[in-house]
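Text of start.cif, listed as mmCIF, C-alpha atoms and all ligand atoms:
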data_data
loop_
_atom_site.label_atom_id
_atom_site.label_comp_id
_atom_site.auth_asym_id
_atom_site.auth_seq_id
_atom_site.Cartn_x
_atom_site.Cartn_y
_atom_site.Cartn_z
CA MET W 225 0.00 0.00 0.00
CA ALA W 226 1.43 3.39 -1.04
CA THR W 227 2.05 6.10 1.57
CA ASN W 228 1.36 9.66 0.46
CA ILE W 229 2.56 12.49 2.62
CA ILE W 230 2.48 16.29 2.45
CA LEU W 231 5.34 18.31 3.95
CA LEU W 232 3.83 21.65 4.94
CA GLY W 233 5.86 24.57 6.23
CA PRO W 234 7.22 28.04 5.48
CA PRO W 235 10.24 28.65 3.21
CA GLY W 236 13.31 27.17 4.85
CA ALA W 237 11.39 24.90 7.25
CA GLY W 238 13.38 21.90 6.01
CA LYS W 239 10.85 20.29 3.65
CA GLY W 240 13.41 19.54 0.92
CA THR W 241 15.95 18.24 3.45
CA GLN W 242 13.44 15.80 4.97
CA ALA W 243 12.08 14.80 1.55
CA ARG W 244 15.56 13.60 0.54
CA ARG W 245 15.75 11.45 3.69
CA LEU W 246 12.36 9.90 2.92
CA ILE W 247 13.40 9.05 -0.64
CA GLU W 248 16.47 7.28 0.69
CA GLU W 249 14.80 5.54 3.62
CA ARG W 250 11.40 4.65 2.18
CA GLY W 251 11.70 4.85 -1.58
CA LEU W 252 9.01 7.51 -1.81
CA VAL W 253 8.85 9.78 -4.88
CA GLN W 254 9.40 13.49 -4.18
CA LEU W 255 7.07 15.86 -6.00
CA SER W 256 8.52 19.32 -5.35
CA THR W 257 6.67 22.03 -7.26
CA GLY W 258 9.61 24.37 -6.51
CA ASP W 259 12.01 21.98 -8.29
CA MET W 260 9.57 21.49 -11.18
CA LEU W 261 9.22 25.25 -11.61
CA ARG W 262 13.01 25.74 -11.47
CA GLU W 263 13.30 23.11 -14.19
CA ALA W 264 10.66 24.96 -16.24
CA ARG W 265 12.51 28.27 -15.86
CA SER W 266 15.81 26.79 -16.96
CA SER W 267 14.11 25.35 -20.07
CA GLY W 268 13.80 28.92 -21.38
CA THR W 269 10.24 28.40 -22.68
CA GLU W 270 7.70 31.22 -22.56
CA MET W 271 6.08 29.62 -19.52
CA GLY W 272 9.53 29.24 -17.92
CA GLN W 273 10.31 32.94 -18.38
CA LEU W 274 6.99 33.93 -16.87
CA VAL W 275 7.52 31.63 -13.90
CA ALA W 276 11.07 32.93 -13.32
CA LYS W 277 9.86 36.50 -12.76
CA VAL W 278 7.18 35.42 -10.29
CA MET W 279 9.59 33.17 -8.35
CA ASP W 280 12.31 35.80 -8.13
CA ARG W 281 9.80 38.20 -6.58
CA GLY W 282 8.90 35.50 -4.04
CA GLU W 283 5.26 35.34 -5.11
CA LEU W 284 3.24 32.20 -5.78
CA VAL W 285 2.90 30.90 -9.33
CA THR W 286 -0.73 30.44 -10.48
CA ASP W 287 -2.70 27.46 -9.20
CA GLU W 288 -3.42 26.41 -12.78
CA ILE W 289 0.29 25.99 -13.62
CA VAL W 290 1.30 24.07 -10.50
CA ILE W 291 -1.76 21.80 -10.50
CA GLY W 292 -0.96 20.98 -14.14
CA LEU W 293 2.64 20.10 -13.19
CA ILE W 294 1.49 17.78 -10.40
CA ARG W 295 -1.17 16.13 -12.57
CA GLU W 296 1.52 15.12 -15.08
CA LYS W 297 3.54 13.29 -12.42
CA LEU W 298 0.92 11.28 -10.58
CA ASP W 299 1.44 8.15 -12.64
CA GLN W 300 5.01 7.76 -11.27
CA GLY W 301 3.84 6.45 -7.87
CA GLY W 302 5.71 3.39 -6.55
CA ASN W 303 5.81 3.37 -2.75
CA GLY W 304 4.02 6.72 -2.57
CA PHE W 305 4.59 10.45 -2.94
CA ILE W 306 6.09 13.18 -0.82
CA PHE W 307 4.35 16.42 -1.78
CA ASP W 308 6.97 19.08 -1.03
CA GLY W 309 5.78 22.69 -1.37
CA PHE W 310 2.40 21.59 -2.73
CA PRO W 311 -0.39 22.33 -2.00
CA ARG W 312 0.19 25.98 -1.12
CA THR W 313 -3.36 27.34 -1.45
CA LEU W 314 -6.80 26.02 -0.58
CA ALA W 315 -7.57 25.69 -4.31
CA GLN W 316 -4.45 23.50 -4.72
CA ALA W 317 -5.48 21.38 -1.71
CA ASP W 318 -8.94 20.79 -3.18
CA ALA W 319 -7.42 19.95 -6.57
CA LEU W 320 -5.00 17.48 -4.97
CA GLU W 321 -7.80 15.73 -3.18
CA GLY W 322 -9.66 15.31 -6.50
CA LEU W 323 -6.53 14.08 -8.30
CA MET W 324 -5.78 11.53 -5.58
CA LYS W 325 -9.36 10.28 -5.65
CA ASP W 326 -9.11 9.81 -9.42
CA GLU W 327 -5.99 7.68 -8.85
CA GLY W 328 -7.74 5.65 -6.12
CA GLN W 329 -5.33 7.06 -3.55
CA GLN W 330 -5.39 9.34 -0.51
CA ILE W 331 -3.19 11.61 1.57
CA ASP W 332 -2.10 9.61 4.62
CA ALA W 333 -0.41 12.33 6.64
CA VAL W 334 0.26 16.05 6.54
CA VAL W 335 3.43 16.91 8.44
CA GLU W 336 3.44 20.52 9.57
CA MET W 337 7.04 21.61 10.08
CA ARG W 338 7.05 24.32 12.75
CA VAL W 339 9.97 26.78 12.67
CA ASP W 340 10.05 30.37 13.89
CA ASP W 341 10.68 33.24 11.49
CA THR W 342 14.10 34.20 12.90
CA ALA W 343 15.44 30.72 12.20
CA LEU W 344 14.02 30.82 8.67
CA VAL W 345 16.03 33.92 7.79
CA SER W 346 19.33 32.34 8.84
CA ARG W 347 18.45 29.02 7.18
CA ILE W 348 17.61 30.64 3.87
CA SER W 349 20.59 32.97 3.86
CA GLY W 350 23.04 30.10 4.54
CA ARG W 351 21.56 27.56 2.12
CA PHE W 352 23.31 26.18 -0.95
CA THR W 353 22.56 23.09 -3.03
CA CYS W 354 24.39 20.74 -5.35
CA GLY W 355 23.46 21.56 -8.95
CA ASN W 356 24.15 17.96 -9.94
CA CYS W 357 22.36 15.76 -7.35
CA GLY W 358 20.26 18.34 -5.46
CA GLU W 359 21.74 17.68 -1.99
CA VAL W 360 20.89 20.60 0.33
CA TYR W 361 23.61 22.22 2.51
CA HIS W 362 23.96 25.11 4.93
CA ASP W 363 27.02 27.29 5.62
CA VAL W 364 26.77 26.65 9.38
CA THR W 365 24.44 23.72 10.16
CA LYS W 366 25.37 21.44 7.26
CA PRO W 367 28.56 22.42 5.44
CA THR W 368 30.19 20.09 2.89
CA LYS W 369 32.99 17.92 4.34
CA ALA W 370 35.49 19.21 1.74
CA GLU W 371 35.06 22.86 0.83
CA GLY W 372 33.30 23.37 -2.50
CA VAL W 373 32.70 19.65 -3.14
CA CYS W 374 29.35 17.84 -2.77
CA ASP W 375 29.58 15.02 -0.18
CA VAL W 376 27.12 12.86 -2.11
CA CYS W 377 28.23 13.02 -5.75
CA GLY W 378 31.58 14.88 -5.71
CA SER W 379 30.33 17.69 -7.96
CA THR W 380 31.78 21.17 -7.52
CA ASP W 381 28.63 22.77 -8.98
CA LEU W 382 27.34 24.22 -5.70
CA ARG W 383 24.68 26.92 -6.14
CA ARG W 384 22.64 29.51 -4.27
CA ARG W 385 19.06 30.20 -5.34
CA ALA W 386 18.11 33.50 -6.97
CA ASP W 387 15.15 33.91 -4.59
CA ASP W 388 17.22 33.34 -1.42
CA ASN W 389 17.68 37.03 -0.66
CA ALA W 390 16.22 39.20 2.11
CA GLU W 391 13.73 41.07 -0.12
CA SER W 392 12.27 37.99 -1.78
CA LEU W 393 12.19 36.08 1.51
CA LYS W 394 9.98 38.80 3.02
CA THR W 395 7.47 38.28 0.18
CA ARG W 396 7.75 34.47 0.41
CA LEU W 397 6.94 34.61 4.13
CA MET W 398 4.02 36.95 3.51
CA GLU W 399 2.68 34.65 0.80
CA TYR W 400 3.01 31.72 3.21
CA TYR W 401 1.06 33.42 6.00
CA LYS W 402 -1.63 34.79 3.69
CA LYS W 403 -2.20 31.86 1.34
CA THR W 404 -0.59 28.67 2.69
CA SER W 405 -1.03 28.79 6.47
CA PRO W 406 -4.87 28.38 6.16
CA LEU W 407 -4.04 24.83 5.07
CA ILE W 408 -3.07 24.06 8.67
CA GLY W 409 -6.71 24.51 9.70
CA TYR W 410 -7.91 22.72 6.58
CA TYR W 411 -5.92 19.56 7.31
CA TYR W 412 -6.58 19.79 11.05
CA ALA W 413 -10.30 19.68 10.25
CA LYS W 414 -9.71 16.66 8.02
CA GLY W 415 -7.97 14.93 10.94
CA ASN W 416 -4.59 14.21 9.41
CA LEU W 417 -2.38 17.08 10.60
CA HIS W 418 0.82 16.11 12.45
CA PRO W 419 2.97 18.95 13.83
CA VAL W 420 6.72 18.36 14.07
CA ASP W 421 9.35 20.56 15.74
CA GLY W 422 11.30 21.78 12.71
CA LEU W 423 13.78 23.61 14.95
CA ALA W 424 15.26 20.33 16.18
CA GLU W 425 18.40 18.87 14.56
CA ILE W 426 17.95 17.34 11.10
CA ASP W 427 18.20 13.74 12.43
CA GLN W 428 15.68 14.43 15.19
CA VAL W 429 13.23 15.97 12.72
CA ALA W 430 13.68 12.87 10.52
CA SER W 431 12.86 10.62 13.49
CA ALA W 432 9.72 12.64 14.24
CA VAL W 433 8.61 12.42 10.59
CA SER W 434 9.31 8.68 10.64
CA ALA W 435 7.20 8.30 13.78
CA VAL W 436 4.31 10.00 11.99
CA LEU W 437 4.61 7.61 9.05
CA ASN W 438 4.83 4.62 11.40
CA GLY W 439 1.67 5.78 13.13
CA THR W 440 3.40 6.58 16.42
CA GLY W 441 3.87 10.34 15.96
CA SER W 442 2.00 13.32 17.42
CA LYS W 443 -1.35 14.44 16.09
CA THR W 444 -3.41 17.57 16.67
P1 LIG T 501 10.13 26.07 -3.06
O1 LIG T 501 11.28 25.60 -3.85
O2 LIG T 501 9.07 25.11 -2.67
O3 LIG T 501 10.69 26.85 -1.82
P2 LIG T 501 10.12 27.10 -0.34
O4 LIG T 501 8.80 26.55 0.01
O5 LIG T 501 10.32 28.55 -0.17
O6 LIG T 501 10.93 26.19 0.49
P3 LIG T 501 12.45 26.09 0.48
O7 LIG T 501 12.93 25.19 -0.62
O8 LIG T 501 13.02 27.48 0.49
O9 LIG T 501 12.74 25.49 1.90
P4 LIG T 501 12.64 24.03 2.48
O10 LIG T 501 11.52 23.99 3.46
O11 LIG T 501 12.66 22.98 1.41
O12 LIG T 501 13.98 24.01 3.31
P5 LIG T 501 15.37 23.24 3.03
O13 LIG T 501 15.22 21.78 3.30
O14 LIG T 501 15.96 23.66 1.74
O15 LIG T 501 9.37 27.25 -3.85
C1 LIG T 501 10.08 28.30 -4.48
C2 LIG T 501 9.10 29.18 -5.23
O16 LIG T 501 8.43 28.41 -6.26
C3 LIG T 501 7.96 29.80 -4.42
O17 LIG T 501 8.36 31.01 -3.79
C4 LIG T 501 6.91 30.04 -5.53
O18 LIG T 501 7.21 31.17 -6.30
C5 LIG T 501 7.06 28.81 -6.40
N1 LIG T 501 6.20 27.69 -5.99
C6 LIG T 501 6.63 26.46 -5.55
N2 LIG T 501 5.58 25.67 -5.28
C7 LIG T 501 4.46 26.39 -5.56
C8 LIG T 501 3.08 26.12 -5.44
N3 LIG T 501 2.63 24.94 -5.00
N4 LIG T 501 2.21 27.11 -5.79
C9 LIG T 501 2.64 28.29 -6.26
N5 LIG T 501 3.94 28.62 -6.37
C10 LIG T 501 4.86 27.67 -6.02
O19 LIG T 501 16.22 23.84 4.25
C11 LIG T 501 16.61 25.21 4.27
C12 LIG T 501 18.03 25.33 4.88
O20 LIG T 501 17.97 24.97 6.25
C13 LIG T 501 19.07 24.40 4.23
O21 LIG T 501 20.29 25.08 4.14
C14 LIG T 501 19.16 23.19 5.19
O22 LIG T 501 20.45 22.60 5.17
C15 LIG T 501 18.85 23.85 6.53
N6 LIG T 501 18.11 22.96 7.43
C16 LIG T 501 17.07 22.15 7.10
N7 LIG T 501 16.61 21.50 8.19
C17 LIG T 501 17.37 21.95 9.24
C18 LIG T 501 17.37 21.65 10.65
N8 LIG T 501 16.49 20.79 11.20
N9 LIG T 501 18.27 22.29 11.43
C19 LIG T 501 19.16 23.18 10.89
N10 LIG T 501 19.23 23.48 9.57
C20 LIG T 501 18.34 22.87 8.75
#
structure tokens encoding of this file:
Amino acid sequence: MATNIILLGPPGAGKGTQARRLIEERGLVQLSTGDMLREARSSGTEMGQLVAKVMDRGELVTDEIVIGLIREKLDQGGNGFIFDGFPRTLAQADALEGLMKDEGQQIDAVVEMRVDDTALVSRISGRFTCGNCGEVYHDVTKPTKAEGVCDVCGSTDLRRRADDNAESLKTRLMEYYKKTSPLIGYYYAKGNLHPVDGLAEIDQVASAVSAVLNGTGSKT
């Protein structure tokens, strides 16, 4: 039986970091709308150029575009999906429910990653990723073992994101509180919201997420 999980949290909460652990440990498929949109922008298509401007400002891309991206990927299931950065609006949450129903599937758990705003600023400003394998690092909390070289794949293509700057982060946070945080109440009402302390160390957060998936975690 497939396990489908949503990682819900503000920018920098650690969704991508935990998604990579779940891929490794449970063979789940990560569906990150952020990664899909970054792929679209680097393709240079008209849609990609439009998306790039919106992302750089820190605003949300239209529901229509992101729902379309998710719809295209839902046949790649396997052991289940990790929805990372999706849904981000109530319209996206409703659309996801419909899409899952069509596939004869359901969302098993929504993990709400709780992190305070001060921590988010330092997480975002210290983040860099491997352009080859996507491993996520941080200048202070998770540096590479050898400077400038990815621990996982050995690539030296380490990058910082264009939207990881103070101005765009302010907008991203505002978008989160205005449009995404209502999903906390939405999933609470549905009975599958599981809060996790996202301020804990990466391994401890992973254990808490694991406990949720094993049915022994906290629930609101
Ligand atoms: P997206 O790529 O989804 O970015 P985000 O939600 O802003 O989230 P981040 O990737 O910034 O953070 P994260 O929670 O994954 O944290 P990470 O693990 O990297 O979206 C980008 C843009 O695309 C949006 O602004 C929007 O324009 C558009 N978009 C995407 N989806 C959309 C949608 N559904 N609808 C509309 N528009 C959409 O960790 C951050 C840092 O902290 C790292 O350096 C990491 O090493 C470190 N860290 C992680 N965990 C810990 C820990 N426990 N302790 C200490 N450090 C930690």
Note to self: Any residue with an atom at most 7 Å from ligand LIG 501 (chain T) counts, using only C-alpha atoms and all ligand atoms. Which are they? Put them as an NGL selection string.
What the structure shows: :W and (233-242 or 256-259 or 261 or 278-279 or 282-287 or 290 or 308-312 or 347-348 or 350-352 or 360-362 or 365-366 or 396 or 422-426 or 429)
Same residues, C-alpha atoms, saved as a PDB file, in the coordinates of the input:
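Now in out_16.pdb:
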ATOM      1  CA  GLY W 233       5.860  24.570   6.230  1.00  0.00           C
ATOM      2  CA  PRO W 234       7.220  28.040   5.480  1.00  0.00           C
ATOM      3  CA  PRO W 235      10.240  28.650   3.210  1.00  0.00           C
ATOM      4  CA  GLY W 236      13.310  27.170   4.850  1.00  0.00           C
ATOM      5  CA  ALA W 237      11.390  24.900   7.250  1.00  0.00           C
ATOM      6  CA  GLY W 238      13.380  21.900   6.010  1.00  0.00           C
ATOM      7  CA  LYS W 239      10.850  20.290   3.650  1.00  0.00           C
ATOM      8  CA  GLY W 240      13.410  19.540   0.920  1.00  0.00           C
ATOM      9  CA  THR W 241      15.950  18.240   3.450  1.00  0.00           C
ATOM     10  CA  GLN W 242      13.440  15.800   4.970  1.00  0.00           C
ATOM     11  CA  SER W 256       8.520  19.320  -5.350  1.00  0.00           C
ATOM     12  CA  THR W 257       6.670  22.030  -7.260  1.00  0.00           C
ATOM     13  CA  GLY W 258       9.610  24.370  -6.510  1.00  0.00           C
ATOM     14  CA  ASP W 259      12.010  21.980  -8.290  1.00  0.00           C
ATOM     15  CA  LEU W 261       9.220  25.250 -11.610  1.00  0.00           C
ATOM     16  CA  VAL W 278       7.180  35.420 -10.290  1.00  0.00           C
ATOM     17  CA  MET W 279       9.590  33.170  -8.350  1.00  0.00           C
ATOM     18  CA  GLY W 282       8.900  35.500  -4.040  1.00  0.00           C
ATOM     19  CA  GLU W 283       5.260  35.340  -5.110  1.00  0.00           C
ATOM     20  CA  LEU W 284       3.240  32.200  -5.780  1.00  0.00           C
ATOM     21  CA  VAL W 285       2.900  30.900  -9.330  1.00  0.00           C
ATOM     22  CA  THR W 286      -0.730  30.440 -10.480  1.00  0.00           C
ATOM     23  CA  ASP W 287      -2.700  27.460  -9.200  1.00  0.00           C
ATOM     24  CA  VAL W 290       1.300  24.070 -10.500  1.00  0.00           C
ATOM     25  CA  ASP W 308       6.970  19.080  -1.030  1.00  0.00           C
ATOM     26  CA  GLY W 309       5.780  22.690  -1.370  1.00  0.00           C
ATOM     27  CA  PHE W 310       2.400  21.590  -2.730  1.00  0.00           C
ATOM     28  CA  PRO W 311      -0.390  22.330  -2.000  1.00  0.00           C
ATOM     29  CA  ARG W 312       0.190  25.980  -1.120  1.00  0.00           C
ATOM     30  CA  ARG W 347      18.450  29.020   7.180  1.00  0.00           C
ATOM     31  CA  ILE W 348      17.610  30.640   3.870  1.00  0.00           C
ATOM     32  CA  GLY W 350      23.040  30.100   4.540  1.00  0.00           C
ATOM     33  CA  ARG W 351      21.560  27.560   2.120  1.00  0.00           C
ATOM     34  CA  PHE W 352      23.310  26.180  -0.950  1.00  0.00           C
ATOM     35  CA  VAL W 360      20.890  20.600   0.330  1.00  0.00           C
ATOM     36  CA  TYR W 361      23.610  22.220   2.510  1.00  0.00           C
ATOM     37  CA  HIS W 362      23.960  25.110   4.930  1.00  0.00           C
ATOM     38  CA  THR W 365      24.440  23.720  10.160  1.00  0.00           C
ATOM     39  CA  LYS W 366      25.370  21.440   7.260  1.00  0.00           C
ATOM     40  CA  ARG W 396       7.750  34.470   0.410  1.00  0.00           C
ATOM     41  CA  GLY W 422      11.300  21.780  12.710  1.00  0.00           C
ATOM     42  CA  LEU W 423      13.780  23.610  14.950  1.00  0.00           C
ATOM     43  CA  ALA W 424      15.260  20.330  16.180  1.00  0.00           C
ATOM     44  CA  GLU W 425      18.400  18.870  14.560  1.00  0.00           C
ATOM     45  CA  ILE W 426      17.950  17.340  11.100  1.00  0.00           C
ATOM     46  CA  VAL W 429      13.230  15.970  12.720  1.00  0.00           C
TER      47      VAL W 429
END
So that I can check the surroundings of region 326-331 of chain W, please list as a short mmCIF file (atom, residue, chain, number, x, y, z; two decimals) with C-alpha atoms, keeping the file's coordinate frame every protein, DNA and RNA residue that reaches within 9 Å of it, counting all atoms listed in the file and ignoring chain neighbours fewer than 6 positions away.
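The new file out-v2.cif reads:
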data_model
loop_
_atom_site.label_atom_id
_atom_site.label_comp_id
_atom_site.auth_asym_id
_atom_site.auth_seq_id
_atom_site.Cartn_x
_atom_site.Cartn_y
_atom_site.Cartn_z
CA ALA W 226 1.43 3.39 -1.04
CA THR W 227 2.05 6.10 1.57
CA ASN W 228 1.36 9.66 0.46
CA ILE W 229 2.56 12.49 2.62
CA ILE W 230 2.48 16.29 2.45
CA LEU W 298 0.92 11.28 -10.58
CA ASP W 299 1.44 8.15 -12.64
CA LEU W 320 -5.00 17.48 -4.97
CA ASN W 416 -4.59 14.21 9.41
#
Notebook entry, point to check: Pick from W:Lys277, W:Arg383, W:Gly441, W:Asp341: nearest to Leu397 (chain W), with all atoms listed in the file counted?
Noted result: W:Asp341
Check: Looking at only C-alpha atoms, which of W:Ile306, W:Ser267, W:Gly272, W:Asp375 is the one that sits closest to Val334 (chain W)?
Finding: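 Going through W:Ile306, W:Ser267, W:Gly272, W:Asp375 one by one, the smallest distance to Val334 (chain W) is for W:Ile306.
Between Ile247 (chain W) and the residues W:Ser346, W:Asn303, W:Thr368, W:Thr269, the shortest atom-to-atom distance, using only C-alpha atoms, involves W:Asn303.
CA of His418 (chain W) lies 22.1 Å from CA of Leu323 (chain W).
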Axis-aligned box over every listed atom of region 383-387 of chain W, padded by 8 Å per side: centre and edges in Å to one decimal, as lines of an AutoDock Vina configuration file?
center_x = 19.9
center_y = 30.4
center_z = -5.6
size_x = 25.5
size_y = 23.0
size_z = 18.7
Item checked: Point-to-point distance from CA of Gly304 (chain W) to CA of Leu252 (chain W), Å rounded to tenths ->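 Interatomic distance here is 5.1 Å.
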List every protein, DNA or RNA residue that has an atom no more than 9 Å from (23.7, 12.8, -5.8) in the file's coordinate frame, counting all atoms listed in the file, and report them as an mmCIF file with C-alpha atoms, in the coordinates of the input.
data_model
loop_
_atom_site.group_PDB
_atom_site.id
_atom_site.type_symbol
_atom_site.label_atom_id
_atom_site.label_comp_id
_atom_site.auth_asym_id
_atom_site.auth_seq_id
_atom_site.Cartn_x
_atom_site.Cartn_y
_atom_site.Cartn_z
ATOM 1 C CA CYS W 354 24.390 20.740 -5.350
ATOM 2 C CA ASN W 356 24.150 17.960 -9.940
ATOM 3 C CA CYS W 357 22.360 15.760 -7.350
ATOM 4 C CA GLY W 358 20.260 18.340 -5.460
ATOM 5 C CA GLU W 359 21.740 17.680 -1.990
ATOM 6 C CA CYS W 374 29.350 17.840 -2.770
ATOM 7 C CA ASP W 375 29.580 15.020 -0.180
ATOM 8 C CA VAL W 376 27.120 12.860 -2.110
ATOM 9 C CA CYS W 377 28.230 13.020 -5.750
ATOM 10 C CA GLY W 378 31.580 14.880 -5.710
ATOM 11 C CA SER W 379 30.330 17.690 -7.960
#
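Counting from CA of Glu371 (chain W), the distance to CA of Arg385 (chain W) is 18.7 Å.
You can rank W:Leu246, W:Ile291, W:Val335, W:Leu231 by their closest distance to Tyr412 (chain W) using all atoms listed in the file, and at the top of that list sits W:Val335.
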Margin query: So, with all atoms listed in the file as the atoms that count, which of W:Asp421, W:Arg384, W:Asp280, W:Lys394 lies closest to Asp340 (chain W)?
Written below: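 Going through W:Asp421, W:Arg384, W:Asp280, W:Lys394 one by one, the smallest distance to Asp340 (chain W) is for W:Asp421.
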Here's a test: counting all atoms listed in the file, identify every protein, DNA and RNA residue with an atom at most 10 Å from (-8.9, 28.1, -1.7) in the file's coordinate frame, and state them as a short mmCIF file (atom, residue, chain, number, x, y, z; two decimals) with C-alpha atoms, in the frame of the given file.
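The file below, selection_0.cif, is the result:
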data_model
loop_
_atom_site.label_atom_id
_atom_site.label_comp_id
_atom_site.auth_asym_id
_atom_site.auth_seq_id
_atom_site.Cartn_x
_atom_site.Cartn_y
_atom_site.Cartn_z
CA ASP W 287 -2.70 27.46 -9.20
CA ARG W 312 0.19 25.98 -1.12
CA THR W 313 -3.36 27.34 -1.45
CA LEU W 314 -6.80 26.02 -0.58
CA ALA W 315 -7.57 25.69 -4.31
CA GLN W 316 -4.45 23.50 -4.72
CA ALA W 317 -5.48 21.38 -1.71
CA ASP W 318 -8.94 20.79 -3.18
CA ALA W 319 -7.42 19.95 -6.57
CA LYS W 403 -2.20 31.86 1.34
CA THR W 404 -0.59 28.67 2.69
CA PRO W 406 -4.87 28.38 6.16
CA LEU W 407 -4.04 24.83 5.07
CA TYR W 410 -7.91 22.72 6.58
#
Check: Which is closer to Arg250 (chain W) than all the others in W:Gly415, W:Gly302, W:Gly292, W:Gly268, using all atoms listed in the file?
Finding: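 Once distances to Arg250 (chain W) are computed over all atoms listed in the file, the minimum belongs to W:Gly302.
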